[in-house]
Structures are given as structure tokens and as C-alpha cells.
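Participant: So here's coords07.pdb, just PDB, C-alpha atoms:
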MODEL        1
ATOM      1  CA  MET W 590      20.564  33.961 -42.759
ATOM      2  CA  ALA W 591      19.981  32.145 -46.016
ATOM      3  CA  THR W 592      17.470  34.189 -47.934
ATOM      4  CA  ASN W 593      19.156  35.392 -51.100
ATOM      5  CA  PHE W 594      17.978  34.368 -54.528
ATOM      6  CA  LYS W 595      19.148  35.633 -57.906
ATOM      7  CA  ILE W 596      18.507  34.774 -61.522
ATOM      8  CA  GLU W 597      20.804  35.654 -64.408
ATOM      9  CA  ASN W 598      19.847  35.087 -68.022
ATOM     10  CA  LYS W 599      21.945  34.479 -71.068
ATOM     11  CA  THR W 600      21.468  33.155 -74.570
ATOM     12  CA  GLU W 601      23.308  30.357 -76.289
ATOM     13  CA  GLY W 602      22.138  29.883 -79.856
ATOM     14  CA  GLU W 603      18.406  29.261 -79.673
ATOM     15  CA  VAL W 604      18.503  28.326 -76.019
ATOM     16  CA  ARG W 605      17.977  30.642 -73.080
ATOM     17  CA  ILE W 606      19.911  29.791 -69.948
ATOM     18  CA  LEU W 607      18.613  30.830 -66.547
ATOM     19  CA  GLU W 608      21.249  30.638 -63.826
ATOM     20  CA  LEU W 609      19.721  30.278 -60.386
ATOM     21  CA  GLU W 610      21.644  31.223 -57.281
ATOM     22  CA  GLY W 611      20.685  30.875 -53.629
ATOM     23  CA  TYR W 612      17.465  29.768 -51.992
ATOM     24  CA  LEU W 613      14.317  28.983 -53.943
ATOM     25  CA  ASP W 614      11.396  28.734 -51.502
ATOM     26  CA  ALA W 615       7.826  30.020 -51.191
ATOM     27  CA  HIS W 616       9.224  33.520 -50.723
ATOM     28  CA  THR W 617      11.416  33.586 -53.817
ATOM     29  CA  ALA W 618       9.409  31.281 -56.131
ATOM     30  CA  PRO W 619       7.291  34.197 -57.496
ATOM     31  CA  GLN W 620      10.526  35.775 -58.773
ATOM     32  CA  PHE W 621      11.397  32.560 -60.633
ATOM     33  CA  GLU W 622       7.843  32.271 -61.927
ATOM     34  CA  SER W 623       8.009  35.808 -63.371
ATOM     35  CA  ALA W 624      11.342  35.042 -65.026
ATOM     36  CA  ILE W 625       9.967  31.949 -66.812
ATOM     37  CA  GLN W 626       6.765  33.795 -67.697
ATOM     38  CA  GLU W 627       8.803  36.578 -69.311
ATOM     39  CA  GLU W 628      10.805  34.078 -71.334
ATOM     40  CA  ALA W 629       7.656  32.299 -72.518
ATOM     41  CA  GLU W 630       6.006  35.584 -73.484
ATOM     42  CA  ALA W 631       9.097  36.628 -75.404
ATOM     43  CA  GLY W 632       8.841  33.370 -77.368
ATOM     44  CA  ASN W 633      11.868  31.780 -75.699
ATOM     45  CA  LEU W 634      10.588  28.251 -75.361
ATOM     46  CA  ARG W 635      13.878  26.375 -75.081
ATOM     47  CA  LEU W 636      15.080  26.924 -71.548
ATOM     48  CA  VAL W 637      17.962  25.469 -69.601
ATOM     49  CA  VAL W 638      17.903  26.097 -65.866
ATOM     50  CA  ASP W 639      21.444  26.050 -64.478
ATOM     51  CA  CYS W 640      21.211  24.905 -60.848
ATOM     52  CA  ALA W 641      24.948  24.823 -60.069
ATOM     53  CA  ARG W 642      24.643  27.669 -57.573
ATOM     54  CA  LEU W 643      21.186  26.783 -56.297
ATOM     55  CA  SER W 644      21.626  26.002 -52.597
ATOM     56  CA  TYR W 645      18.055  25.065 -51.702
ATOM     57  CA  ILE W 646      14.712  24.260 -53.268
ATOM     58  CA  SER W 647      11.331  23.598 -51.687
ATOM     59  CA  SER W 648       8.107  22.452 -53.319
ATOM     60  CA  ALA W 649       7.206  26.059 -54.166
ATOM     61  CA  GLY W 650      10.213  26.171 -56.496
ATOM     62  CA  LEU W 651       9.461  22.739 -57.954
ATOM     63  CA  GLY W 652       5.909  23.899 -58.557
ATOM     64  CA  VAL W 653       7.186  26.585 -60.921
ATOM     65  CA  PHE W 654       8.789  23.949 -63.157
ATOM     66  CA  MET W 655       5.584  21.937 -63.086
ATOM     67  CA  SER W 656       3.254  24.774 -63.900
ATOM     68  CA  PHE W 657       5.113  25.797 -67.082
ATOM     69  CA  ILE W 658       6.364  22.525 -68.502
ATOM     70  CA  GLU W 659       3.214  21.422 -70.350
ATOM     71  CA  GLU W 660       2.678  24.824 -71.919
ATOM     72  CA  LEU W 661       6.266  25.019 -73.151
ATOM     73  CA  ARG W 662       6.303  21.456 -74.466
ATOM     74  CA  GLU W 663       3.017  21.918 -76.296
ATOM     75  CA  ALA W 664       4.523  24.954 -78.002
ATOM     76  CA  GLY W 665       7.560  22.916 -79.060
ATOM     77  CA  GLY W 666       9.878  23.944 -76.244
ATOM     78  CA  ASP W 667      11.084  22.423 -72.989
ATOM     79  CA  ILE W 668      12.750  23.161 -69.680
ATOM     80  CA  LYS W 669      15.905  21.148 -69.110
ATOM     81  CA  LEU W 670      17.774  21.187 -65.839
ATOM     82  CA  ALA W 671      21.531  21.161 -65.440
ATOM     83  CA  ALA W 672      24.265  20.903 -62.830
ATOM     84  CA  ILE W 673      22.047  20.176 -59.818
ATOM     85  CA  THR W 674      24.016  19.650 -56.617
ATOM     86  CA  PRO W 675      23.398  16.349 -54.765
ATOM     87  CA  LYS W 676      21.623  18.115 -51.890
ATOM     88  CA  VAL W 677      19.113  19.784 -54.211
ATOM     89  CA  TYR W 678      18.844  16.731 -56.458
ATOM     90  CA  GLN W 679      17.475  14.583 -53.643
ATOM     91  CA  VAL W 680      14.403  16.845 -53.469
ATOM     92  CA  PHE W 681      13.794  16.462 -57.219
ATOM     93  CA  GLU W 682      14.283  12.728 -56.834
ATOM     94  CA  VAL W 683      11.817  12.271 -53.969
ATOM     95  CA  LEU W 684       9.101  13.794 -56.135
ATOM     96  CA  GLY W 685       9.905  11.753 -59.214
ATOM     97  CA  PHE W 686      11.199  14.624 -61.345
ATOM     98  CA  PRO W 687      13.979  12.622 -63.057
ATOM     99  CA  ALA W 688      11.333  10.623 -64.950
ATOM    100  CA  LEU W 689       9.556  13.741 -66.144
ATOM    101  CA  PHE W 690      12.324  16.217 -66.870
ATOM    102  CA  ASP W 691      15.634  15.992 -68.699
ATOM    103  CA  ILE W 692      18.280  16.510 -66.031
ATOM    104  CA  LEU W 693      21.841  16.801 -67.332
ATOM    105  CA  ALA W 694      25.175  16.972 -65.563
ATOM    106  CA  THR W 695      26.314  20.170 -67.286
ATOM    107  CA  VAL W 696      24.827  23.188 -69.040
ATOM    108  CA  PRO W 697      26.491  22.384 -72.408
ATOM    109  CA  GLU W 698      24.978  18.881 -72.276
ATOM    110  CA  ALA W 699      21.550  20.352 -71.532
ATOM    111  CA  VAL W 700      21.872  22.810 -74.435
ATOM    112  CA  ALA W 701      22.989  19.997 -76.765
ATOM    113  CA  LYS W 702      20.029  17.881 -75.674
ATOM    114  CA  PHE W 703      17.682  20.246 -77.517
ATOM    115  CA  ALA W 704      19.300  19.157 -80.786
ATOM    116  CA  GLU W 705      17.932  15.647 -80.200
ATOM    117  CA  GLY W 706      14.402  16.893 -80.781
ATOM    118  CA  PRO W 707      11.274  16.576 -78.631
ATOM    119  CA  ARG W 708      11.429  14.573 -75.455
ATOM    120  CA  GLU W 709       9.843  11.157 -75.630
ATOM    121  CA  GLY W 710       7.182  10.053 -73.214
TER
ATOM    122  CA  MET F  28       8.354   9.052 -19.896
ATOM    123  CA  PRO F  29      11.599  10.292 -21.412
ATOM    124  CA  SER F  30      14.395  10.805 -18.945
ATOM    125  CA  PHE F  31      15.260  14.159 -20.446
ATOM    126  CA  GLU F  32      13.553  16.493 -22.832
ATOM    127  CA  LYS F  33      14.553  19.813 -24.325
ATOM    128  CA  SER F  34      12.084  22.131 -25.934
ATOM    129  CA  PHE F  35      12.546  25.124 -28.216
ATOM    130  CA  SER F  36      10.021  27.525 -29.605
ATOM    131  CA  LEU F  37       9.974  30.127 -32.384
ATOM    132  CA  LYS F  38       7.051  32.417 -33.107
ATOM    133  CA  VAL F  39       7.188  34.525 -36.260
ATOM    134  CA  PRO F  40       4.831  36.694 -38.324
ATOM    135  CA  SER F  41       3.099  34.723 -41.091
ATOM    136  CA  ALA F  42       5.266  35.986 -43.947
ATOM    137  CA  THR F  43       7.152  33.790 -46.409
ATOM    138  CA  GLY F  44      10.166  36.040 -45.815
ATOM    139  CA  ASN F  45      10.508  34.311 -42.433
ATOM    140  CA  LEU F  46      10.886  30.806 -43.883
ATOM    141  CA  ALA F  47      14.671  31.194 -43.994
ATOM    142  CA  LEU F  48      14.679  32.070 -40.292
ATOM    143  CA  ILE F  49      12.561  28.987 -39.561
ATOM    144  CA  ARG F  50      14.919  26.750 -41.568
ATOM    145  CA  ASP F  51      17.958  28.059 -39.701
ATOM    146  CA  PHE F  52      16.189  27.472 -36.382
ATOM    147  CA  VAL F  53      15.270  23.888 -37.287
ATOM    148  CA  SER F  54      18.588  22.875 -38.814
ATOM    149  CA  GLY F  55      20.433  24.303 -35.806
ATOM    150  CA  ILE F  56      18.405  22.211 -33.387
ATOM    151  CA  GLY F  57      18.660  19.185 -35.682
ATOM    152  CA  ALA F  58      22.444  19.437 -35.635
ATOM    153  CA  GLN F  59      22.448  19.815 -31.857
ATOM    154  CA  ALA F  60      20.246  16.717 -31.571
ATOM    155  CA  GLY F  61      22.798  14.653 -33.478
ATOM    156  CA  PHE F  62      21.574  14.696 -37.079
ATOM    157  CA  ASP F  63      24.245  15.206 -39.728
ATOM    158  CA  ASP F  64      24.129  18.244 -42.052
ATOM    159  CA  LYS F  65      22.186  16.434 -44.754
ATOM    160  CA  GLU F  66      19.561  15.099 -42.334
ATOM    161  CA  ALA F  67      19.242  18.437 -40.550
ATOM    162  CA  ALA F  68      18.657  20.112 -43.928
ATOM    163  CA  ARG F  69      15.890  17.603 -44.698
ATOM    164  CA  LEU F  70      14.208  18.368 -41.369
ATOM    165  CA  ALA F  71      14.405  22.085 -42.197
ATOM    166  CA  LEU F  72      12.824  21.397 -45.597
ATOM    167  CA  ALA F  73       9.904  19.521 -44.017
ATOM    168  CA  VAL F  74       9.230  22.295 -41.514
ATOM    169  CA  ASP F  75       9.596  24.934 -44.258
ATOM    170  CA  GLU F  76       6.921  23.067 -46.243
ATOM    171  CA  ALA F  77       4.604  22.889 -43.235
ATOM    172  CA  CYS F  78       4.990  26.611 -42.475
ATOM    173  CA  ALA F  79       4.620  27.621 -46.138
ATOM    174  CA  ASN F  80       1.342  25.661 -46.216
ATOM    175  CA  VAL F  81       0.124  27.486 -43.111
ATOM    176  CA  ILE F  82       1.005  30.891 -44.580
ATOM    177  CA  GLU F  83      -0.560  30.129 -47.949
ATOM    178  CA  HIS F  84      -3.637  28.110 -46.949
ATOM    179  CA  ALA F  85      -4.500  28.756 -43.294
ATOM    180  CA  TYR F  86      -3.701  32.481 -43.475
ATOM    181  CA  GLN F  87      -4.267  33.072 -47.213
ATOM    182  CA  LEU F  88      -0.927  34.937 -47.442
ATOM    183  CA  GLU F  89      -1.968  37.527 -44.845
ATOM    184  CA  GLU F  90       1.176  38.571 -42.986
ATOM    185  CA  THR F  91      -0.508  39.801 -39.815
ATOM    186  CA  HIS F  92      -0.831  36.428 -38.107
ATOM    187  CA  GLU F  93       1.613  34.201 -36.262
ATOM    188  CA  VAL F  94       3.181  30.836 -36.952
ATOM    189  CA  THR F  95       4.679  28.931 -34.042
ATOM    190  CA  VAL F  96       7.270  26.213 -34.468
ATOM    191  CA  ARG F  97       7.841  24.150 -31.357
ATOM    192  CA  VAL F  98      10.588  21.556 -31.260
ATOM    193  CA  VAL F  99      10.981  18.912 -28.575
ATOM    194  CA  VAL F 100      14.044  16.690 -28.459
ATOM    195  CA  ASP F 101      14.524  13.654 -26.264
ATOM    196  CA  GLN F 102      16.866  10.700 -26.532
ATOM    197  CA  ASP F 103      14.628   8.859 -28.985
ATOM    198  CA  GLU F 104      13.188  11.437 -31.307
ATOM    199  CA  ILE F 105      12.811  15.020 -32.443
ATOM    200  CA  ARG F 106       9.253  16.306 -32.617
ATOM    201  CA  PHE F 107       8.087  19.384 -34.488
ATOM    202  CA  GLU F 108       4.778  21.117 -33.931
ATOM    203  CA  VAL F 109       3.696  23.799 -36.378
ATOM    204  CA  ILE F 110       0.844  25.741 -34.849
ATOM    205  CA  ASP F 111      -1.464  28.299 -36.451
ATOM    206  CA  THR F 112      -4.811  29.886 -35.679
ATOM    207  CA  GLY F 113      -6.026  30.169 -39.250
ATOM    208  CA  ARG F 114      -8.436  28.238 -41.375
ATOM    209  CA  GLY F 115      -8.053  24.573 -40.446
ATOM    210  CA  PHE F 116      -7.047  22.288 -43.257
ATOM    211  CA  ASP F 117      -6.508  18.607 -42.606
ATOM    212  CA  PRO F 118      -4.032  17.394 -45.204
ATOM    213  CA  SER F 119      -4.795  13.758 -44.430
ATOM    214  CA  GLN F 120      -8.192  14.302 -46.069
ATOM    215  CA  THR F 121      -6.567  14.950 -49.428
ATOM    216  CA  GLN F 122      -5.465  12.272 -51.829
ATOM    217  CA  PRO F 123      -1.934  13.076 -52.957
ATOM    218  CA  LEU F 124      -1.670  13.008 -56.749
ATOM    219  CA  GLU F 125       1.333  11.739 -58.646
ATOM    220  CA  VAL F 126       3.568  14.486 -60.010
ATOM    221  CA  GLU F 127       2.790  13.407 -63.561
ATOM    222  CA  GLU F 128      -0.931  13.840 -62.920
ATOM    223  CA  LEU F 129      -0.371  17.238 -61.306
ATOM    224  CA  ILE F 130       1.546  18.377 -64.385
ATOM    225  CA  ARG F 131      -1.245  17.143 -66.633
ATOM    226  CA  GLN F 132      -3.738  19.115 -64.564
ATOM    227  CA  ARG F 133      -1.347  22.090 -64.438
ATOM    228  CA  LYS F 134      -1.396  22.029 -60.678
ATOM    229  CA  SER F 135       1.489  22.046 -58.262
ATOM    230  CA  GLY F 136      -0.300  21.585 -54.941
ATOM    231  CA  GLY F 137       0.314  18.749 -52.542
ATOM    232  CA  LEU F 138       4.030  18.438 -53.202
ATOM    233  CA  GLY F 139       4.968  19.882 -49.834
ATOM    234  CA  LEU F 140       2.952  17.307 -47.981
ATOM    235  CA  ARG F 141       4.540  14.534 -50.019
ATOM    236  CA  LEU F 142       7.992  15.794 -49.000
ATOM    237  CA  ILE F 143       6.948  16.028 -45.345
ATOM    238  CA  ARG F 144       5.666  12.444 -45.379
ATOM    239  CA  THR F 145       8.841  11.216 -47.045
ATOM    240  CA  ILE F 146      11.167  12.950 -44.611
ATOM    241  CA  MET F 147       9.337  12.367 -41.316
ATOM    242  CA  ASP F 148       8.561   9.071 -39.589
ATOM    243  CA  ASP F 149       5.172  10.153 -38.300
ATOM    244  CA  VAL F 150       2.852  13.006 -39.314
ATOM    245  CA  GLN F 151      -0.360  13.913 -37.512
ATOM    246  CA  TYR F 152      -2.766  16.781 -37.772
ATOM    247  CA  ARG F 153      -4.957  18.092 -35.013
ATOM    248  CA  ILE F 154      -7.590  20.798 -35.196
ATOM    249  CA  VAL F 155      -8.833  22.357 -31.963
ATOM    250  CA  PRO F 156     -11.866  24.257 -33.302
ATOM    251  CA  GLY F 157     -11.745  27.984 -32.628
ATOM    252  CA  GLU F 158      -8.377  27.650 -30.969
ATOM    253  CA  LYS F 159      -5.562  26.270 -33.093
ATOM    254  CA  ASN F 160      -4.401  23.864 -35.761
ATOM    255  CA  GLU F 161      -1.348  21.767 -35.116
ATOM    256  CA  LEU F 162       0.757  19.696 -37.484
ATOM    257  CA  ARG F 163       2.925  17.306 -35.524
ATOM    258  CA  MET F 164       5.887  15.665 -37.228
ATOM    259  CA  VAL F 165       8.235  13.159 -35.642
ATOM    260  CA  LYS F 166      11.665  11.997 -36.737
ATOM    261  CA  ARG F 167      13.289   9.227 -34.762
ATOM    262  CA  LEU F 168      16.927   9.754 -33.872
ATOM    263  CA  ARG F 169      18.087   6.225 -34.547
ATOM    264  CA  LYS F 170      16.326   3.693 -36.624
ATOM    265  CA  LYS F 171      16.549   0.199 -35.188
ATOM    266  CA  ASP F 172      17.169  -2.602 -37.662
TER
ENDMDL
END
Let me see the structure of the file written as C-alpha cells.
Facilitator:
Amino acid sequence: MATNFKIENKTEGEVRILELEGYLDAHTAPQFESAIQEEAEAGNLRLVVDCARLSYISSAGLGVFMSFIEELREAGGDIKLAAITPKVYQVFEVLGFPALFDILATVPEAVAKFAEGPREG
Amino acid sequence: MPSFEKSFSLKVPSATGNLALIRDFVSGIGAQAGFDDKEAARLALAVDEACANVIEHAYQLEETHEVTVRVVVDQDEIRFEVIDTGRGFDPSQTQPLEVEELIRQRKSGGLGLRLIRTIMDDVQYRIVPGEKNELRMVKRLRKKD
């Protein structure tokens, strides 16, 4: 049964990368929320979420992105998403996330995007 | 009257840890009913959202209650009924906000319902006071042009 969810963190320059793996639903979203909260509290405001191994996301997982994004942007940071599989991307798309978040094809592109400065709009 | 009808039922404790079980149940029936993998996964997402709403709102995250998912398949459609006995909440009474507005208000509610409405062809809510609440979602098997 598909229940597993894991997060691994690493640092690349001034950017923290959170690698998500497995199923992000109402059961596992609190784990993701804690991980972002910890990063924000540690002053890590530039986050890239690597979704390459994320198999599933429901609105509970999307809600985590939404609840932190304003706070991070106001403090000069951002959450950028990378390497989303087509199956997971369609959920982001239905809810209009591509207009509100930077979504890049690869993690290196997402990291490089921070060098362009604050997101417009 | 449909010429044939198959029904399936799953009753689980109201814990978010059971959402994976519910998704597997729904996608399995979806596949059997003729939906491809992608469509079956979308059906599972919609039912996951409905059940997560029940657990969070109707039961206030108490794990001692039950959530029932009933699925009926006939030649025209697949129908899902998510049944609870908690606090009734009619989602049609709420005005769904745009994601941008939710972010501005630092809220994330209402997204699940938006996904359900996008995925399903028909969504109805029924409260039987003192007895049960039922969210009925229908997906037609073949869309006619």
C-alpha cells in the first residue's frame, strides 16, 4: 500500500533543497509542514523542493506550499519547485499553481533561478 | 434502470493513515471499470480529498469514527458515496476562493473541493439530520461528443 513519505535535506550554496519521496497527503502533510517550518526558523528562506520522487500529492500537501509562501517571500526568500512528474504536475496545474510559483524542470535550474532576484508579480 | 450494476463498499476508521487504503480501493475499482491508470488515479485523488475533509471537518480529526466509501459501477458511470456521521458541512454553501486569494489570506482550505469538482462530472451533498452526511460524486465512463 502506498503510504510512505520521506524528506531529505541538503544545501547548495545559499539554497536549501528538500527532496520529497512518496505520497504527500493529509496524513503526511504535517511532516512536510514541520520540515519547512524548521527551515524557516533556521533562517533558510531560499528553498527548492525537488519533486522528482514524489509519487502523489493531494490538496493537503499543496496547502503546505501555500501557507508558507507569503511569509518566505516577505522575508526575501521563496519556494521554487523542481522536477515534478507529469502525474503530480496536473494537480498543481488544476489549482493554478504554475502562475504563482516558479516551477522548473530540474533542481539546478531552480537553484539558478534564485540568482535572478525576487519573483515578479 | 441500468441493466447491470456492481457495488463495492469500504468502511474504515476515521484516521488519515487510512487514506492510502482508500486510494488503492478506488483506483482498483476505477481500473476494473475501464478507466486508464491516469484517470483511475484522478478518481482516487477526488475520493481522498472527500475523505480527508470528512476526517478533518466532520470528525475534527477524531480517529474513533467511521468513514464509508461506497462505489457503484454500471455501464454508464461510476458513482462514489462518501458517508460519515459527523458534523454536517455542506460544501456547496461555501464560495471557493481563487488560490491567489487564499495565499494572500494565508489559508489553504477549499482546495480539495475544487479538485473534486474538476475531476468529477457531478457532485452532490446530502445531509440526513441525526443520521448521516453523504457526498455523492459521479464520473461518466464515456463522454459523448
Participant: For chain F, report every residue with an atom at most 10 Å from chain W (counting only C-alpha atoms), formatted as a PyMOL selection string.
Facilitator: chain F and resi 42-51+65+68-69+72-73+75-76+78-80+82-83+125-127+129-142+145-146
Participant: Here is a test: counting all atoms listed in the file, which residue of F:Val150, F:Ile110, F:Leu168, F:Ala71 is nearest to Tyr86 of chain F?
Facilitator: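 Among the listed residues, the smallest separation from Tyr86 of chain F belongs to F:Ile110.
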Participant: Could you write out as a PyMOL selection string the residues that the PyMOL selection byres ((chain W and resi 639) around 7) matches in the shown file?
Facilitator: chain W and resi 606-609+637-638+640-641+670-672+696
Participant: What separation in Å, quoted to one decimal, exists between atom CA of Ser644 of chain W and atom CA of Gly611 of chain W?
Facilitator: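 A separation of 5.1 Å between them.
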Participant: Could you pull the residues within 12 Å of Ala85 of chain F, counting only C-alpha atoms, minus those fewer than 4 positions along the same chain, as a list in words?
Facilitator: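 Counting only C-alpha atoms, the residues come to Ser41, Ala77, Cys78, Ala79, Asn80, Val81, Glu89, Glu90, His92, Glu93, Val94, Val109, Ile110, Asp111, Thr112, Gly113, Arg114, Gly115, Phe116, Asp117, Pro118, Ile154, Lys159, Asn160, Glu161 and Leu162 of chain F.
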Participant: Have a look at atom CA of Phe52 of chain F and atom CA of Leu88 of chain F and let me know their distance in Å, one decimal.
Facilitator: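 One can read the atom CA of Phe52 of chain F to atom CA of Leu88 of chain F distance as 21.7 Å.
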Participant: Could you tell me, as a PyMOL selection string, which residues have any atom at most 8 Å from (5.0, 19.5, -32.2), counting all atoms listed in the file?
Facilitator: chain F and resi 96-99+106-110+161-165
Participant: Quick one: distance from atom CA of Gln102 of chain F to atom CA of Arg153 of chain F in Å, one decimal?
Facilitator: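 Between atom CA of Gln102 of chain F and atom CA of Arg153 of chain F the gap works out to 24.6 Å.
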Participant: In terms of the shortest atom-to-atom distance over only C-alpha atoms, which of F:Gln59, F:Thr95, F:Gln87, F:Ser54 is closest to Ser36 of chain F?
Facilitator: F:Thr95
